[in-house]
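Participant: Shown below is the structure under consideration.
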2 protein chains.
Amino acid sequence: MVRGVKRVALSPDAVVDEAARLVDEEGWEALHLGRLADRLGIKTPSLYKHVGGLPDLRRRLTLQGLAGFRDALGAAESVAELGHAYRAFARAHPGLYAATATAAARTQDDEELRAAADAAVAPLLRVVGDDVHAARAVRAALHGFVTLERAGGFGLPASVDESFDRLLRTLTP
Amino acid sequence: MVRGVKRVALSPDAVVDEAARLVDEEGWEALHLGRLADRLGIKTPSLYKHVGGLPDLRRRLTLQGLAGFRDALGAAESVAELGHAYRAFARAHPGLYAATATAAARTQDDEELRAAADAAVAPLLRVVGDDVHAARAVRAALHGFVTLERAGGFGLPASVDESFDRLLRTLTP
DNA sequence: TGACGGCGGCTAACGGCGTTAGCTAAGCTA
DNA sequence: TAGCTTAGCTAACGCCGTTAGCCGCCGTCA
């Protein structure tokens, strides 16, 4: 620690938290170890004292995103409420949201990830009365909407908020 | 041409076509120049005699995907027909489908891409009677569904085909 | 027919990335 | 105080995209 202010002791959680800020600010695909190390004031190889590498870091971000999602949706008592909470989370944490979207493929051989994903989906199943097909429809619609919104896919000048309200009304007949 | 069978003359189109097969078989993110060069029986730097590099190649794949999409959806005369055609295309060409999803962010400064994207969306606007909000809802639902399906996001054993039918019925009240 | 020119392949090399090995210094513990 | 653990560092490797520059094949044309 030759130069600069004495930093708060680094830890796996501190590294993951900074990575979460990074992906929320610059996007999921902007997660580079060099970039992250710079923000933490250390060199890239030093990251390996706290996390296992890029795949491990991505997995931790996915877990953090799923936990945030569960917390954000847990109180919803209707499809409309859940929809608004869903979109709000995706807009507040675009990087973590993108991280959660990569979870499904890995729940096969990762029990912790599977449990976190199940917990995140539970509120949705609850508000649709355990109707799997309805849950899939709502989830697909919400995921597609926030993904397209974030990607800039809604080019026309019509209000995106109104489009979202219309979508929610379509989903709750 | 020291070794092997005499190859058909390579061209930009031939390179892009092979790249399209590659991404459809192995995924959009599996597009590496070394991998593509191997499949074409050449070395990586030789690719630059036909395409401008990885960003150019991605752009060409996006254009090809949007054109395929327009062709696949052009004949649809109802939301249900369009939905089935949409899902069929995404399943037949997952790599090109993923390529089209990256288009929106680049339509700002790429007129050709913008035109291709507009043409691909036109059939959707037609079947919903030029209702922008309805078009966004349908597109979001379809995009979300095929994305989650491809990502393995539908873990429960219930029939995905039936879920899709339910979604289409929800979208066409 | 023979010289020429362009085209499409090649090797060599560079910078940026993730990753590993191994050194060192600070700080806690016995 | 002596020693061990810990968390930083530098050096080095392999992979990837990219650029420069060389060379041989092939069609064209005098």
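Identifiers for the structure tokens are assigned positionally: chains receive A, B, ... in sequence, residues are indexed from 1 per chain, and ligands are indexed from 1 in the order shown.
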Which residues in chain B does DSSP call alpha helix (DSSP H)? List them as a VMD selection string.
Facilitator: chain B and resid 12 to 26 33 to 40 54 to 73 79 to 92 94 to 101 111 to 127 132 to 151 160 to 171
Participant: Residues of chain A within 9 Å of chain D, using only C-alpha atoms (C1' of nucleotides), as a ChimeraX atom specification?
Facilitator: /A:1,10,42-43,45-46,49
Participant: Output N, CA and C atoms for every residue in the selection just made, as a PDB file, in the first residue's frame.
Facilitator:
```pdb
ATOM      1  N   MET A   1       0.860  -1.208   0.000  1.00  0.00           N
ATOM      2  CA  MET A   1       0.000   0.000   0.000  1.00  0.00           C
ATOM      3  C   MET A   1       0.882   1.238   0.000  1.00  0.00           C
ATOM      4  N   LEU A  10     -10.555  -4.720   1.501  1.00  0.00           N
ATOM      5  CA  LEU A  10     -11.344  -5.363   0.450  1.00  0.00           C
ATOM      6  C   LEU A  10     -11.803  -6.739   0.920  1.00  0.00           C
ATOM      7  N   ILE A  42      -6.808  -1.368  -7.358  1.00  0.00           N
ATOM      8  CA  ILE A  42      -5.825  -2.456  -7.298  1.00  0.00           C
ATOM      9  C   ILE A  42      -5.523  -2.931  -8.718  1.00  0.00           C
ATOM     10  N   LYS A  43      -4.595  -3.875  -8.833  1.00  0.00           N
ATOM     11  CA  LYS A  43      -4.266  -4.437 -10.141  1.00  0.00           C
ATOM     12  C   LYS A  43      -5.101  -5.686 -10.390  1.00  0.00           C
ATOM     13  N   PRO A  45      -4.658  -8.910 -11.201  1.00  0.00           N
ATOM     14  CA  PRO A  45      -4.454 -10.219 -10.555  1.00  0.00           C
ATOM     15  C   PRO A  45      -4.872 -10.234  -9.087  1.00  0.00           C
ATOM     16  N   SER A  46      -4.843  -9.071  -8.442  1.00  0.00           N
ATOM     17  CA  SER A  46      -5.213  -9.030  -7.015  1.00  0.00           C
ATOM     18  C   SER A  46      -6.672  -9.406  -6.801  1.00  0.00           C
ATOM     19  N   LYS A  49      -7.575 -12.756  -5.273  1.00  0.00           N
ATOM     20  CA  LYS A  49      -7.502 -13.026  -3.837  1.00  0.00           C
ATOM     21  C   LYS A  49      -8.889 -13.002  -3.200  1.00  0.00           C
TER      22      LYS A  49
END
```
Participant: Find the residues in chain A near chain B: any atom within 10 Å counts, using only C-alpha atoms. Write them as a compact mmCIF listing (two decimals) with N, CA and C atoms, in the first residue's frame.
Facilitator:
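out_24.txt was written with the following content:
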```txt
# COMPACT_ATOMS: atom_id res chain seq x y z
N ALA A 101 -30.92 -12.77 -16.12
CA ALA A 101 -31.38 -13.41 -17.36
C ALA A 101 -30.45 -14.54 -17.79
N THR A 102 -29.23 -14.56 -17.26
CA THR A 102 -28.29 -15.61 -17.63
C THR A 102 -28.37 -16.81 -16.68
N ALA A 103 -29.27 -16.72 -15.72
CA ALA A 103 -29.31 -17.75 -14.67
C ALA A 103 -29.83 -19.09 -15.16
N ALA A 104 -30.87 -19.05 -15.98
CA ALA A 104 -31.61 -20.26 -16.31
C ALA A 104 -30.71 -21.39 -16.81
N ALA A 105 -29.79 -21.05 -17.68
CA ALA A 105 -28.97 -22.09 -18.30
C ALA A 105 -28.11 -22.83 -17.28
N ARG A 106 -27.87 -22.17 -16.12
CA ARG A 106 -26.93 -22.76 -15.17
C ARG A 106 -27.59 -23.39 -13.96
N THR A 107 -28.91 -23.35 -13.90
CA THR A 107 -29.58 -23.91 -12.72
C THR A 107 -29.53 -25.44 -12.72
N GLN A 108 -29.06 -26.03 -13.80
CA GLN A 108 -29.00 -27.48 -13.87
C GLN A 108 -28.03 -28.05 -12.82
N ALA A 117 -33.21 -18.72 -7.99
CA ALA A 117 -34.12 -18.47 -9.12
C ALA A 117 -35.54 -18.83 -8.73
N ASP A 118 -35.70 -19.94 -8.04
CA ASP A 118 -37.04 -20.34 -7.59
C ASP A 118 -37.64 -19.29 -6.68
N VAL A 132 -49.16 -22.14 -14.13
CA VAL A 132 -47.84 -22.09 -14.78
C VAL A 132 -47.90 -21.38 -16.13
N HIS A 133 -48.92 -21.65 -16.91
CA HIS A 133 -49.00 -21.03 -18.23
C HIS A 133 -49.18 -19.52 -18.11
N ALA A 134 -50.00 -19.10 -17.16
CA ALA A 134 -50.16 -17.66 -16.94
C ALA A 134 -48.85 -17.03 -16.47
N ALA A 135 -48.16 -17.73 -15.59
CA ALA A 135 -46.88 -17.21 -15.09
C ALA A 135 -45.89 -17.03 -16.24
N ARG A 136 -45.84 -18.02 -17.12
CA ARG A 136 -44.93 -17.91 -18.26
C ARG A 136 -45.30 -16.74 -19.16
N ALA A 137 -46.59 -16.56 -19.39
CA ALA A 137 -47.03 -15.47 -20.26
C ALA A 137 -46.65 -14.12 -19.65
N VAL A 138 -46.93 -13.95 -18.36
CA VAL A 138 -46.63 -12.67 -17.70
C VAL A 138 -45.12 -12.43 -17.70
N ARG A 139 -44.39 -13.47 -17.35
CA ARG A 139 -42.94 -13.30 -17.28
C ARG A 139 -42.36 -12.97 -18.65
N ALA A 140 -42.83 -13.68 -19.67
CA ALA A 140 -42.33 -13.42 -21.03
C ALA A 140 -42.63 -11.98 -21.42
N ALA A 141 -43.85 -11.54 -21.16
CA ALA A 141 -44.23 -10.18 -21.55
C ALA A 141 -43.39 -9.14 -20.83
N LEU A 142 -43.20 -9.33 -19.52
CA LEU A 142 -42.43 -8.36 -18.75
C LEU A 142 -40.96 -8.37 -19.17
N HIS A 143 -40.42 -9.58 -19.30
CA HIS A 143 -39.01 -9.68 -19.69
C HIS A 143 -38.79 -9.06 -21.07
N GLY A 144 -39.66 -9.37 -22.00
CA GLY A 144 -39.53 -8.80 -23.33
C GLY A 144 -39.65 -7.29 -23.32
N PHE A 145 -40.58 -6.78 -22.54
CA PHE A 145 -40.79 -5.33 -22.52
C PHE A 145 -39.57 -4.59 -21.98
N VAL A 146 -39.10 -5.01 -20.81
CA VAL A 146 -37.98 -4.27 -20.21
C VAL A 146 -36.70 -4.46 -21.04
N THR A 147 -36.56 -5.63 -21.67
CA THR A 147 -35.39 -5.85 -22.51
C THR A 147 -35.42 -4.93 -23.73
N LEU A 148 -36.56 -4.87 -24.39
CA LEU A 148 -36.66 -4.01 -25.57
C LEU A 148 -36.54 -2.54 -25.18
N GLU A 149 -37.14 -2.18 -24.06
CA GLU A 149 -37.05 -0.80 -23.62
C GLU A 149 -35.60 -0.40 -23.39
N ARG A 150 -34.87 -1.25 -22.70
CA ARG A 150 -33.48 -0.97 -22.41
C ARG A 150 -32.64 -0.93 -23.68
N ALA A 151 -32.94 -1.82 -24.62
CA ALA A 151 -32.16 -1.88 -25.85
C ALA A 151 -32.51 -0.74 -26.81
N GLY A 152 -33.47 0.06 -26.44
CA GLY A 152 -33.87 1.14 -27.34
C GLY A 152 -34.75 0.66 -28.48
N GLY A 153 -35.44 -0.44 -28.24
CA GLY A 153 -36.22 -1.05 -29.31
C GLY A 153 -37.55 -0.36 -29.61
N PHE A 154 -37.91 0.59 -28.77
CA PHE A 154 -39.18 1.30 -29.01
C PHE A 154 -38.87 2.63 -29.66
N GLY A 155 -38.68 2.61 -30.96
CA GLY A 155 -38.22 3.80 -31.67
C GLY A 155 -39.27 4.89 -31.79
N LEU A 156 -40.49 4.50 -32.01
CA LEU A 156 -41.52 5.50 -32.28
C LEU A 156 -41.76 6.39 -31.05
N PRO A 157 -42.25 7.59 -31.28
CA PRO A 157 -42.32 8.58 -30.19
C PRO A 157 -43.45 8.35 -29.19
N ALA A 158 -44.29 7.36 -29.38
CA ALA A 158 -45.40 7.14 -28.46
C ALA A 158 -44.89 6.83 -27.05
N SER A 159 -45.67 7.16 -26.05
CA SER A 159 -45.27 7.03 -24.65
C SER A 159 -45.03 5.57 -24.28
N VAL A 160 -43.84 5.31 -23.74
CA VAL A 160 -43.52 3.94 -23.34
C VAL A 160 -44.28 3.56 -22.08
N ASP A 161 -44.49 4.53 -21.20
CA ASP A 161 -45.27 4.26 -19.99
C ASP A 161 -46.68 3.80 -20.36
N GLU A 162 -47.27 4.48 -21.32
CA GLU A 162 -48.63 4.10 -21.71
C GLU A 162 -48.63 2.70 -22.34
N SER A 163 -47.60 2.42 -23.14
CA SER A 163 -47.52 1.08 -23.73
C SER A 163 -47.46 0.02 -22.63
N PHE A 164 -46.71 0.34 -21.57
CA PHE A 164 -46.58 -0.63 -20.49
C PHE A 164 -47.92 -0.83 -19.77
N ASP A 165 -48.62 0.25 -19.55
CA ASP A 165 -49.95 0.13 -18.93
C ASP A 165 -50.88 -0.72 -19.80
N ARG A 166 -50.82 -0.49 -21.09
CA ARG A 166 -51.65 -1.29 -22.00
C ARG A 166 -51.28 -2.77 -21.91
N LEU A 167 -49.98 -3.04 -21.83
CA LEU A 167 -49.53 -4.43 -21.72
C LEU A 167 -50.08 -5.06 -20.44
N LEU A 168 -49.96 -4.32 -19.35
CA LEU A 168 -50.46 -4.87 -18.08
C LEU A 168 -51.96 -5.12 -18.14
N THR A 170 -53.64 -5.85 -20.79
CA THR A 170 -53.85 -7.04 -21.63
C THR A 170 -53.60 -8.32 -20.82
N LEU A 171 -52.64 -8.24 -19.91
CA LEU A 171 -52.29 -9.44 -19.15
C LEU A 171 -53.27 -9.72 -18.01
N THR A 172 -54.08 -8.72 -17.64
CA THR A 172 -55.03 -8.91 -16.54
C THR A 172 -56.44 -8.63 -17.04
N PRO A 173 -57.02 -9.61 -17.69
CA PRO A 173 -58.32 -9.43 -18.34
C PRO A 173 -59.46 -9.38 -17.32
```
Participant: Using only C-alpha atoms (C1' of nucleotides), determine which residues of chain A fall within 12 Å of chain C; present them as a VMD selection string.
Facilitator: chain A and resid 1 to 2 31 to 35 44 to 48 52 to 55
Participant: Keeping C-alpha atoms, export the residues of the selection given above as a PDB file, in the first residue's frame.
Facilitator:
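Output file again_29.pdb follows:
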```pdb
ATOM      1  CA  MET A   1       0.000   0.000   0.000  1.00  0.00           C
ATOM      2  CA  VAL A   2       2.629   2.478  -1.057  1.00  0.00           C
ATOM      3  CA  LEU A  31     -17.701  -6.234 -16.943  1.00  0.00           C
ATOM      4  CA  HIS A  32     -13.931  -6.519 -17.444  1.00  0.00           C
ATOM      5  CA  LEU A  33     -11.545  -7.423 -14.674  1.00  0.00           C
ATOM      6  CA  GLY A  34      -9.171  -4.599 -15.546  1.00  0.00           C
ATOM      7  CA  ARG A  35     -12.004  -2.090 -15.409  1.00  0.00           C
ATOM      8  CA  THR A  44      -6.165  -7.112 -12.013  1.00  0.00           C
ATOM      9  CA  PRO A  45      -4.454 -10.219 -10.555  1.00  0.00           C
ATOM     10  CA  SER A  46      -5.213  -9.030  -7.015  1.00  0.00           C
ATOM     11  CA  LEU A  47      -8.906  -9.627  -7.700  1.00  0.00           C
ATOM     12  CA  TYR A  48      -8.175 -13.343  -7.568  1.00  0.00           C
ATOM     13  CA  GLY A  52     -12.412 -17.032  -8.346  1.00  0.00           C
ATOM     14  CA  GLY A  53     -12.307 -15.280 -11.689  1.00  0.00           C
ATOM     15  CA  LEU A  54     -14.752 -13.873 -14.194  1.00  0.00           C
ATOM     16  CA  PRO A  55     -17.186 -16.824 -14.266  1.00  0.00           C
TER      17      PRO A  55
END
```
Participant: Kindly give the distance, in Å, that separates atom CA of Gly95 of chain A and atom CA of Ala115 of chain A, rounded to a single decimal.
Facilitator: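 These atoms are spaced 20.8 Å apart.
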Participant: Taking 5 positions as the minimum chain separation for residues in the same chain, which residues sit within 8 Å of segment 71-82 of chain B when counting only C-alpha atoms (C1' of nucleotides)? Answer as a count of residues only.
Facilitator: 10
